[in-house]
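*Asks:* Handing over protein.cif, mmCIF, C-alpha atoms.
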```cif
data_protein
#
loop_
_atom_site.label_atom_id
_atom_site.label_comp_id
_atom_site.auth_asym_id
_atom_site.auth_seq_id
_atom_site.Cartn_x
_atom_site.Cartn_y
_atom_site.Cartn_z
CA LYS M 536 -10.52 -2.96 20.25
CA TYR M 537 -6.77 -3.10 19.67
CA SER M 538 -5.03 0.29 19.70
CA GLY M 539 -2.06 1.56 17.74
CA MET M 540 -0.67 4.69 16.12
CA LEU M 541 -0.14 2.91 12.79
CA VAL M 542 -1.80 -0.15 11.26
CA ILE M 543 0.05 -1.85 8.40
CA LEU M 544 -2.22 -3.75 6.03
CA ILE M 545 -0.27 -6.03 3.69
CA LEU M 546 -2.16 -7.69 0.84
CA SER M 547 -0.84 -11.21 0.38
CA GLY M 548 -1.90 -14.45 -1.27
CA PRO M 549 -2.52 -17.82 0.43
CA LYS M 550 0.51 -19.46 -1.23
CA TYR M 551 3.03 -16.74 -0.34
CA PHE M 552 4.04 -17.89 3.14
CA GLN M 553 7.75 -17.35 2.43
CA ARG M 554 7.14 -13.73 1.46
CA ARG M 555 5.18 -13.13 4.66
CA GLN M 556 7.83 -14.81 6.78
CA THR M 557 10.58 -12.74 5.14
CA ILE M 558 8.66 -9.53 5.85
CA ARG M 559 8.16 -10.60 9.47
CA ASN M 560 11.90 -11.22 9.79
CA THR M 561 12.97 -8.00 8.06
CA TRP M 562 11.03 -4.74 8.02
CA LEU M 563 8.36 -5.80 10.53
CA SER M 564 10.93 -6.95 13.09
CA GLY M 565 11.64 -4.84 16.15
CA LEU M 566 8.74 -2.43 15.69
CA PRO M 567 7.29 -0.60 18.70
CA THR M 568 3.99 -1.70 20.21
CA GLU M 569 2.22 1.33 18.72
CA VAL M 570 2.46 -0.40 15.31
CA LEU M 571 0.06 -3.22 14.42
CA TRP M 572 0.16 -5.24 11.22
CA TYR M 573 -1.94 -7.78 9.36
CA PHE M 574 -1.53 -9.85 6.20
CA ALA M 575 -4.90 -9.84 4.41
CA LEU M 576 -5.83 -13.09 2.65
CA GLY M 577 -9.05 -14.19 0.95
CA THR M 578 -10.17 -17.74 1.79
CA LYS M 579 -13.52 -18.12 0.00
CA ASP M 580 -12.13 -20.32 -2.78
CA LEU M 581 -9.73 -22.38 -0.62
CA SER M 582 -9.99 -26.01 0.40
CA PRO M 583 -10.43 -26.94 4.08
CA GLU M 584 -6.81 -28.13 4.11
CA GLU M 585 -5.54 -24.79 2.76
CA ILE M 586 -7.59 -22.86 5.31
CA GLU M 587 -6.27 -25.08 8.09
CA THR M 588 -2.69 -24.32 6.99
CA LEU M 589 -3.36 -20.57 7.13
CA GLU M 590 -5.06 -20.89 10.52
CA TYR M 591 -2.00 -22.71 11.79
CA GLU M 592 0.21 -19.92 10.46
CA ASN M 593 -1.97 -17.39 12.27
CA SER M 594 -1.84 -19.38 15.51
CA ASN M 595 1.94 -18.91 15.43
CA SER M 596 2.11 -15.33 14.18
CA GLY M 597 -1.20 -13.74 15.18
CA ASP M 598 -1.06 -11.43 12.16
CA VAL M 599 -3.10 -13.16 9.44
CA LEU M 600 -6.45 -11.60 8.53
CA LEU M 601 -8.58 -14.30 6.90
CA LEU M 602 -11.37 -12.80 4.78
CA LYS M 603 -13.92 -15.58 4.40
CA ASN M 604 -16.06 -13.80 1.80
CA VAL M 605 -13.19 -12.86 -0.55
CA ASN M 606 -11.88 -14.92 -3.44
CA ASP M 607 -8.15 -14.27 -3.52
CA SER M 608 -7.59 -13.30 -7.15
CA TYR M 609 -6.47 -10.28 -9.17
CA GLY M 610 -10.05 -9.57 -10.18
CA LYS M 611 -11.11 -9.28 -6.54
CA LEU M 612 -8.29 -7.05 -5.24
CA THR M 613 -10.51 -3.98 -4.90
CA PHE M 614 -13.18 -5.93 -3.04
CA LYS M 615 -10.40 -7.33 -0.87
CA ILE M 616 -9.11 -3.87 0.06
CA SER M 617 -12.65 -2.71 0.80
CA GLU M 618 -13.34 -5.70 3.05
CA SER M 619 -9.97 -5.26 4.77
CA PHE M 620 -10.74 -1.60 5.47
CA LYS M 621 -14.10 -2.61 6.94
CA TRP M 622 -12.42 -5.10 9.29
CA VAL M 623 -9.80 -2.57 10.41
CA ASP M 624 -12.46 0.12 10.95
CA LYS M 625 -14.50 -2.24 13.09
CA ASN M 626 -11.73 -3.82 15.16
CA ILE M 627 -8.88 -1.34 15.70
CA ASN M 628 -8.35 2.13 17.16
CA TYR M 629 -5.56 3.84 15.21
CA LYS M 630 -4.56 7.12 13.53
CA TYR M 631 -3.01 5.99 10.24
CA LEU M 632 -3.01 2.98 7.95
CA LEU M 633 -0.16 1.95 5.66
CA LYS M 634 -1.31 -0.25 2.79
CA ALA M 635 1.45 -2.38 1.26
CA ASP M 636 1.89 -5.51 -0.84
CA ASP M 637 3.85 -8.64 0.04
CA ASP M 638 6.58 -7.56 -2.39
CA THR M 639 6.99 -4.17 -0.68
CA TYR M 640 9.85 -3.14 1.62
CA ALA M 641 9.02 -0.30 4.03
CA ARG M 642 11.04 1.88 6.43
CA VAL M 643 8.39 1.93 9.14
CA ASP M 644 10.59 3.91 11.53
CA ASN M 645 10.82 6.79 9.05
CA ILE M 646 7.11 6.68 8.25
CA LEU M 647 6.18 6.64 11.94
CA SER M 648 8.45 9.57 12.84
CA GLU M 649 6.95 11.74 10.09
CA LEU M 650 3.39 10.86 11.04
CA LYS M 651 4.05 11.85 14.64
CA LYS M 652 4.92 15.38 13.48
CA ARG M 653 1.36 15.83 12.20
CA GLU M 654 -1.15 17.18 14.69
CA ASN M 655 -4.73 18.38 14.09
CA MET M 656 -4.32 18.52 10.33
CA GLU M 657 -6.64 17.55 7.47
CA PRO M 658 -6.93 13.82 6.76
CA LEU M 659 -3.85 12.54 4.95
CA TYR M 660 -3.47 10.63 1.66
CA TRP M 661 0.29 10.12 1.26
CA GLY M 662 2.09 8.25 -1.51
CA PHE M 663 3.50 8.48 -5.05
CA PHE M 664 0.69 10.02 -7.12
CA ASP M 665 -0.20 9.70 -10.78
CA GLY M 666 -2.85 11.77 -12.52
CA ARG M 667 -2.25 11.17 -16.21
CA ALA M 668 -2.65 7.40 -16.51
CA LYS M 669 -4.81 6.37 -19.45
CA VAL M 670 -7.79 4.15 -18.71
CA LYS M 671 -7.03 0.54 -19.62
CA THR M 672 -9.53 -0.96 -22.08
CA ALA M 673 -8.01 -4.42 -22.55
CA GLY M 674 -6.11 -7.05 -20.59
CA LEU M 675 -6.11 -7.99 -16.91
CA TRP M 676 -6.76 -4.44 -15.67
CA ALA M 677 -9.38 -3.35 -18.25
CA GLU M 678 -11.96 -1.03 -16.66
CA SER M 679 -15.39 -1.56 -18.22
CA GLN M 680 -17.13 0.48 -15.52
CA TRP M 681 -14.96 3.63 -15.69
CA HIS M 682 -17.10 6.46 -17.09
CA LEU M 683 -15.65 9.48 -15.24
CA CYS M 684 -13.09 10.85 -17.71
CA ASP M 685 -10.46 9.64 -20.18
CA THR M 686 -7.76 9.28 -17.52
CA TYR M 687 -7.83 7.84 -14.02
CA LEU M 688 -8.30 10.35 -11.21
CA PRO M 689 -5.13 11.28 -9.27
CA HIS M 690 -4.25 8.34 -7.04
CA ALA M 691 -1.32 7.05 -5.00
CA ARG M 692 0.28 4.03 -6.64
CA GLY M 693 -0.57 0.74 -5.00
CA GLY M 694 2.82 -0.52 -3.86
CA GLY M 695 2.35 1.49 -0.68
CA TYR M 696 0.38 4.49 0.55
CA VAL M 697 -0.78 5.97 3.85
CA LEU M 698 -4.32 6.97 4.80
CA SER M 699 -5.65 8.71 7.90
CA SER M 700 -8.13 6.60 9.84
CA GLU M 701 -10.99 8.96 8.90
CA LEU M 702 -10.50 8.07 5.23
CA VAL M 703 -10.51 4.34 5.89
CA THR M 704 -13.70 4.83 7.93
CA TYR M 705 -15.27 6.83 5.09
CA ILE M 706 -14.55 4.04 2.61
CA SER M 707 -15.69 1.36 5.05
CA ARG M 708 -19.00 3.02 5.95
CA ASN M 709 -19.86 3.84 2.32
CA SER M 710 -18.62 0.62 0.72
CA LYS M 711 -22.05 -0.45 -0.54
CA LEU M 712 -22.28 2.73 -2.63
CA LEU M 713 -18.74 2.72 -4.02
CA GLN M 714 -17.96 1.42 -7.52
CA LEU M 715 -15.34 -1.33 -7.46
CA TYR M 716 -12.88 -0.73 -10.30
CA ASN M 717 -10.38 -3.44 -11.26
CA SER M 718 -7.35 -1.53 -9.97
CA GLU M 719 -7.32 -1.19 -6.20
CA ASP M 720 -5.18 1.98 -6.13
CA VAL M 721 -7.28 3.61 -8.88
CA SER M 722 -10.40 2.79 -6.87
CA VAL M 723 -9.08 4.37 -3.67
CA GLY M 724 -8.13 7.53 -5.58
CA ALA M 725 -11.60 7.74 -7.13
CA TRP M 726 -13.38 7.08 -3.83
CA LEU M 727 -11.43 9.88 -2.13
CA GLY M 728 -11.60 12.24 -5.13
CA PRO M 729 -14.16 14.76 -3.82
CA LEU M 730 -13.01 14.79 -0.20
CA LYS M 731 -11.35 17.68 1.62
CA ILE M 732 -8.01 16.04 2.38
CA THR M 733 -4.27 16.64 2.17
CA ARG M 734 -2.69 14.78 -0.74
CA VAL M 735 1.07 14.45 -0.39
CA HIS M 736 3.11 13.22 -3.36
CA ASP M 737 6.41 11.83 -2.11
CA SER M 738 9.16 10.59 -4.45
CA ARG M 739 10.57 8.55 -1.55
CA PHE M 740 7.66 6.17 -2.26
CA ASP M 741 9.00 3.85 -4.98
CA THR M 742 5.60 2.25 -5.46
CA GLU M 743 4.92 2.01 -9.19
CA TYR M 744 4.42 -1.18 -11.22
CA LYS M 745 8.19 -1.62 -11.28
CA SER M 746 10.89 -0.23 -9.03
CA ARG M 747 12.89 2.85 -10.02
CA GLY M 748 16.02 1.35 -8.46
CA CYS M 749 17.63 1.73 -5.05
CA ASN M 750 17.94 5.07 -3.28
CA ASN M 751 18.83 5.66 0.34
CA LYS M 752 16.04 8.22 0.59
CA TYR M 753 13.34 5.66 -0.24
CA ILE M 754 11.00 4.82 2.61
CA ILE M 755 8.90 2.37 0.57
CA THR M 756 10.17 0.20 -2.30
CA HIS M 757 7.84 -1.98 -4.37
CA LYS M 758 8.53 -5.07 -6.50
CA GLN M 759 11.12 -6.59 -4.15
CA ASP M 760 11.76 -10.32 -4.10
CA ILE M 761 12.73 -12.21 -0.96
CA GLN M 762 16.47 -11.82 -1.57
CA ALA M 763 16.19 -8.07 -2.16
CA MET M 764 14.26 -7.64 1.11
CA LYS M 765 16.90 -9.56 3.04
CA GLU M 766 19.68 -7.55 1.42
CA LYS M 767 18.07 -4.19 2.21
CA HIS M 768 17.48 -5.25 5.81
CA LYS M 769 21.08 -6.42 6.16
CA ASN M 770 22.36 -3.15 4.70
CA LEU M 771 20.36 -1.13 7.22
CA LYS M 772 21.74 -3.24 10.07
CA THR M 773 25.38 -3.21 8.92
CA ILE M 774 26.00 0.10 7.11
CA GLY M 775 22.92 2.09 8.17
CA LYS M 776 21.80 2.56 4.58
CA LEU M 777 19.26 0.87 2.33
CA CYS M 778 21.62 0.51 -0.64
CA LYS M 779 25.28 -0.42 -0.91
CA LYS M 780 25.20 1.47 -4.19
CA GLU M 781 22.43 3.78 -5.33
CA ILE M 782 21.02 3.11 -8.80
CA GLN M 783 18.19 4.66 -10.81
CA THR M 784 16.68 2.42 -13.46
CA ARG M 785 13.92 4.81 -14.57
CA PRO M 786 13.20 8.52 -14.00
CA SER M 787 11.01 9.80 -11.19
CA TYR M 788 9.05 13.06 -10.91
CA GLU M 789 7.55 15.63 -8.59
CA TYR M 790 3.78 16.00 -8.97
CA ASN M 791 2.70 19.44 -10.18
CA TRP M 792 -0.64 20.19 -8.52
CA ASN M 793 -0.90 23.55 -10.34
CA VAL M 794 -1.60 22.08 -13.79
CA PRO M 795 -4.29 19.70 -15.11
CA PRO M 796 -3.71 16.09 -14.00
CA SER M 797 -2.82 15.05 -17.56
CA GLN M 798 0.23 17.35 -17.30
CA CYS M 799 1.10 16.53 -13.68
CA CYS M 800 4.02 14.21 -13.90
CA GLN M 801 7.02 15.09 -16.05
CA ARG M 802 9.95 12.69 -15.67
CA THR M 803 12.61 15.32 -16.48
CA ASP M 804 14.57 16.10 -13.30
CA ILE M 805 17.20 13.40 -12.77
CA SER M 806 17.81 14.68 -9.21
CA VAL M 807 14.39 13.43 -8.03
CA PRO M 808 14.83 9.98 -6.42
#
```
Rewrite the structure of this file - the entire thing - as structure tokens.

*Replies:*
Amino acid sequence: KYSGMLVILILSGPKYFQRRQTIRNTWLSGLPTEVLWYFALGTKDLSPEEIETLEYENSNSGDVLLLKNVNDSYGKLTFKISESFKWVDKNINYKYLLKADDDTYARVDNILSELKKRENMEPLYWGFFDGRAKVKTAGLWAESQWHLCDTYLPHARGGGYVLSSELVTYISRNSKLLQLYNSEDVSVGAWLGPLKITRVHDSRFDTEYKSRGCNNKYIITHKQDIQAMKEKHKNLKTIGKLCKKEIQTRPSYEYNWNVPPSQCCQRTDISVP
């Protein structure tokens, strides 16, 4: 088995080579050997020529995880994350896993330094949590199998979150019994719902369905195109900051764990990044 302190699992699509290459050249560059990373791709519905192209990419990079039993589509994202967790659980020794998307920019150095401060603590589920999201009944993300309550269970938004290895193992070993909901992040939150773990809401995770802007405190930023990734990386190299100018395009919040989930997340304090 490979060994590392942190495994980064980045969900990508077969046609997004330029995104993967940009990530390799920006926030994955210069990482210590204790960090491993993989781009997870489903190949079940691909032509032999498309698979050959991805295998060639992997022969050069060594970081492409080809999931032969996964159709790479929105409707199969949850199955894809489950299968990816199973592969990681089987093949790697590690302490933490960072799940990201191929339009995510991450400050791995900051994440790694904070994880190293944790010793002998409860399993960790770390991200930007939501507990009051209404269950979708129509459209791409409609959940026909959700019968638990009228909102989704508290979950870290899918642009990026961190799990202790024990939690990935739990999901992997119980995958046959777990309901696959359409939304991957909703599914992970539901699967981990009853477990005795430490949930950490962190407003430095800008991981919702659209970015809240640019803040130098952010350690993960979602919904970044190739140019934005290059610009953030250049800023860190030249001025030591993520943003030349901080902007907030929508309010953030601190999660209130002392009230019912439907009241958890009030976007009222403009000082929260």

*Asks:* Hey, which bits of stretch 682-760 of chain M sit within 9 Å of stretch 651-670 of chain M, and for each residue what's the closest pair of atoms and how far apart in Å (one decimal), counting all atoms listed in the file, rows by chain and increasing number, as a tab-separated table?

*Replies:*
```
residue	atom	partner	partner_atom	distance
M:Cys684	CA	M:Val670	CA	8.6
M:Asp685	CA	M:Val670	CA	6.3
M:Thr686	CA	M:Lys669	CA	4.6
M:Tyr687	CA	M:Ala668	CA	5.8
M:Leu688	CA	M:Gly666	CA	5.8
M:Pro689	CA	M:Gly666	CA	4.0
M:His690	CA	M:Phe664	CA	5.2
M:Ala691	CA	M:Phe664	CA	4.2
M:Arg692	CA	M:Phe663	CA	5.7
M:Gly693	CA	M:Gly662	CA	8.7
M:Gly695	CA	M:Gly662	CA	6.8
M:Tyr696	CA	M:Gly662	CA	4.6
M:Val697	CA	M:Trp661	CA	5.0
M:Leu698	CA	M:Tyr660	CA	4.9
M:Ser699	CA	M:Leu659	CA	5.2
M:Ser700	CA	M:Pro658	CA	7.9
M:Glu701	CA	M:Pro658	CA	6.7
M:Leu702	CA	M:Pro658	CA	6.9
M:Leu727	CA	M:Tyr660	CA	8.8
M:Lys731	CA	M:Glu657	CA	7.5
M:Ile732	CA	M:Pro658	CA	5.0
M:Thr733	CA	M:Leu659	CA	5.0
M:Arg734	CA	M:Tyr660	CA	4.9
M:Val735	CA	M:Trp661	CA	4.7
M:His736	CA	M:Phe663	CA	5.0
M:Asp737	CA	M:Phe663	CA	5.3
M:Ser738	CA	M:Phe663	CA	6.1
M:Arg739	CA	M:Phe663	CA	7.9
M:Phe740	CA	M:Phe663	CA	5.5
M:Asp741	CA	M:Phe663	CA	7.2
M:Thr742	CA	M:Phe663	CA	6.6
M:Glu743	CA	M:Phe663	CA	7.8
```

*Asks:* Write the residues you've just listed into a file as a compact mmCIF listing (two decimals), keeping the file's coordinate frame, and include C-alpha atoms for each of them.

*Replies:*
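What ended up in selection-v2.txt:
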```txt
# COMPACT_ATOMS: atom_id res chain seq x y z
CA CYS M 684 -13.09 10.85 -17.71
CA ASP M 685 -10.46 9.64 -20.18
CA THR M 686 -7.76 9.28 -17.52
CA TYR M 687 -7.83 7.84 -14.02
CA LEU M 688 -8.30 10.35 -11.21
CA PRO M 689 -5.13 11.28 -9.27
CA HIS M 690 -4.25 8.34 -7.04
CA ALA M 691 -1.32 7.05 -5.00
CA ARG M 692 0.28 4.03 -6.64
CA GLY M 693 -0.57 0.74 -5.00
CA GLY M 695 2.35 1.49 -0.68
CA TYR M 696 0.38 4.49 0.55
CA VAL M 697 -0.78 5.97 3.85
CA LEU M 698 -4.32 6.97 4.80
CA SER M 699 -5.65 8.71 7.90
CA SER M 700 -8.13 6.60 9.84
CA GLU M 701 -10.99 8.96 8.90
CA LEU M 702 -10.50 8.07 5.23
CA LEU M 727 -11.43 9.88 -2.13
CA LYS M 731 -11.35 17.68 1.62
CA ILE M 732 -8.01 16.04 2.38
CA THR M 733 -4.27 16.64 2.17
CA ARG M 734 -2.69 14.78 -0.74
CA VAL M 735 1.07 14.45 -0.39
CA HIS M 736 3.11 13.22 -3.36
CA ASP M 737 6.41 11.83 -2.11
CA SER M 738 9.16 10.59 -4.45
CA ARG M 739 10.57 8.55 -1.55
CA PHE M 740 7.66 6.17 -2.26
CA ASP M 741 9.00 3.85 -4.98
CA THR M 742 5.60 2.25 -5.46
CA GLU M 743 4.92 2.01 -9.19
```

*Asks:* Which of these, M:Ser718, M:Gly597, M:Ser710, M:Leu650, has the shortest distance to M:Ser679 once you count only C-alpha atoms?

*Replies:* M:Ser718

*Asks:* So how far away is atom CA of M:Leu647 from atom CA of M:Leu571, in Å?

*Replies:*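 It comes out at 11.9 Å.
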
*Asks:* Determine the residue membership of the PyMOL selection byres ((chain M and resi 787) around 10) for the file above and supply it as a ChimeraX atom specification.

*Replies:* /M:663,738-739,741,747,783-786,788-790,800-808

*Asks:* Pull C-alpha atoms from the residues just selected and write them as a tab-separated table (two decimals), keeping the file's coordinate frame.

*Replies:*
```tsv
chain	number	residue	atom	x	y	z
M	663	PHE	CA	3.50	8.48	-5.05
M	738	SER	CA	9.16	10.59	-4.45
M	739	ARG	CA	10.57	8.55	-1.55
M	741	ASP	CA	9.00	3.85	-4.98
M	747	ARG	CA	12.89	2.85	-10.02
M	783	GLN	CA	18.19	4.66	-10.81
M	784	THR	CA	16.68	2.42	-13.46
M	785	ARG	CA	13.92	4.81	-14.57
M	786	PRO	CA	13.20	8.52	-14.00
M	788	TYR	CA	9.05	13.06	-10.91
M	789	GLU	CA	7.55	15.63	-8.59
M	790	TYR	CA	3.78	16.00	-8.97
M	800	CYS	CA	4.02	14.21	-13.90
M	801	GLN	CA	7.02	15.09	-16.05
M	802	ARG	CA	9.95	12.69	-15.67
M	803	THR	CA	12.61	15.32	-16.48
M	804	ASP	CA	14.57	16.10	-13.30
M	805	ILE	CA	17.20	13.40	-12.77
M	806	SER	CA	17.81	14.68	-9.21
M	807	VAL	CA	14.39	13.43	-8.03
M	808	PRO	CA	14.83	9.98	-6.42
```

*Asks:* Choose the residue, out of M:Ser547, M:Gln556, M:Thr672, M:Asn770, that has the smallest atom-to-atom separation from M:Ala635; count all atoms listed in the file.

*Replies:*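 Distance minimum relative to M:Ala635 lands on M:Ser547.
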
*Asks:* For this file, the PyMOL selection byres ((chain M and resi 623-628) around 7) selects which residues, as a list in words?

*Replies:*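 What the PyMOL selection byres ((chain M and resi 623-628) around 7) grabs from the file is Lys536, Tyr537, Ser538, Gly539, Ser619, Phe620, Lys621, Trp622, Tyr629, Val703, Thr704 and Ser707 of chain M.
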
*Asks:* Decode the PyMOL selection byres ((chain M and resi 674-678) around 10) for the given file into explicit residues and return them as a ChimeraX atom specification.

*Replies:* /M:609-610,670-673,679-682,715-718

*Asks:* Just give me the gap between atom CA of M:Val570 and atom CA of M:Val643 in Å, one decimal is fine.

*Replies:*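 Distance between the two atoms: 8.9 Å.
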
*Asks:* To one decimal place in Å, what is the distance between atom CA of M:Gly694 and atom CA of M:Glu766?

*Replies:*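 So the answer is 19.0 Å.
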
*Asks:* Looking at all atoms listed in the file, which of M:Thr756, M:Ser596, M:Thr588, M:Ser617 is the one that sits closest to M:Ile706?

*Replies:*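 Among the listed residues, M:Ser617 lies closest to M:Ile706.
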
*Asks:* Of the residues M:Tyr744, M:Leu683, M:Leu632, M:Lys711, which is the one nearest to M:Gly728, using all atoms listed in the file?

*Replies:*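 When distances to M:Gly728 are compared using all atoms listed in the file, the smallest one comes from M:Leu683.
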
*Asks:* Counting all atoms listed in the file, which residue out of M:Gln798, M:Thr613, M:Ser594, M:Asn604 sits closest to M:Gly724?

*Replies:*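 Result for the nearest residue to M:Gly724: M:Thr613.
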
*Asks:* Please check which residues have atoms at most 8 Å from (17.7, 3.6, 0.7) in the file's coordinates, counting only C-alpha atoms, and write them as a PyMOL selection string.

*Replies:* chain M and resi 749-754+767+776-778+781

*Asks:* Which of these residues is nearest to M:Glu719, using all atoms listed in the file: M:Glu569, M:Glu618, M:Asp598, M:Glu585?

*Replies:*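 For M:Glu719, the nearest of the candidates is M:Glu618.
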
*Asks:* Just need the box for stretch 788-805 of chain M, edges along x, y and z, holding every atom the file lists for it with 4 Å tacked onto each side, so centre and edge lengths in Å to one decimal, as lines of an AutoDock Vina configuration file.

*Replies:*
```
center_x = 6.5
center_y = 18.1
center_z = -13.0
size_x = 29.5
size_y = 18.9
size_z = 17.0
```
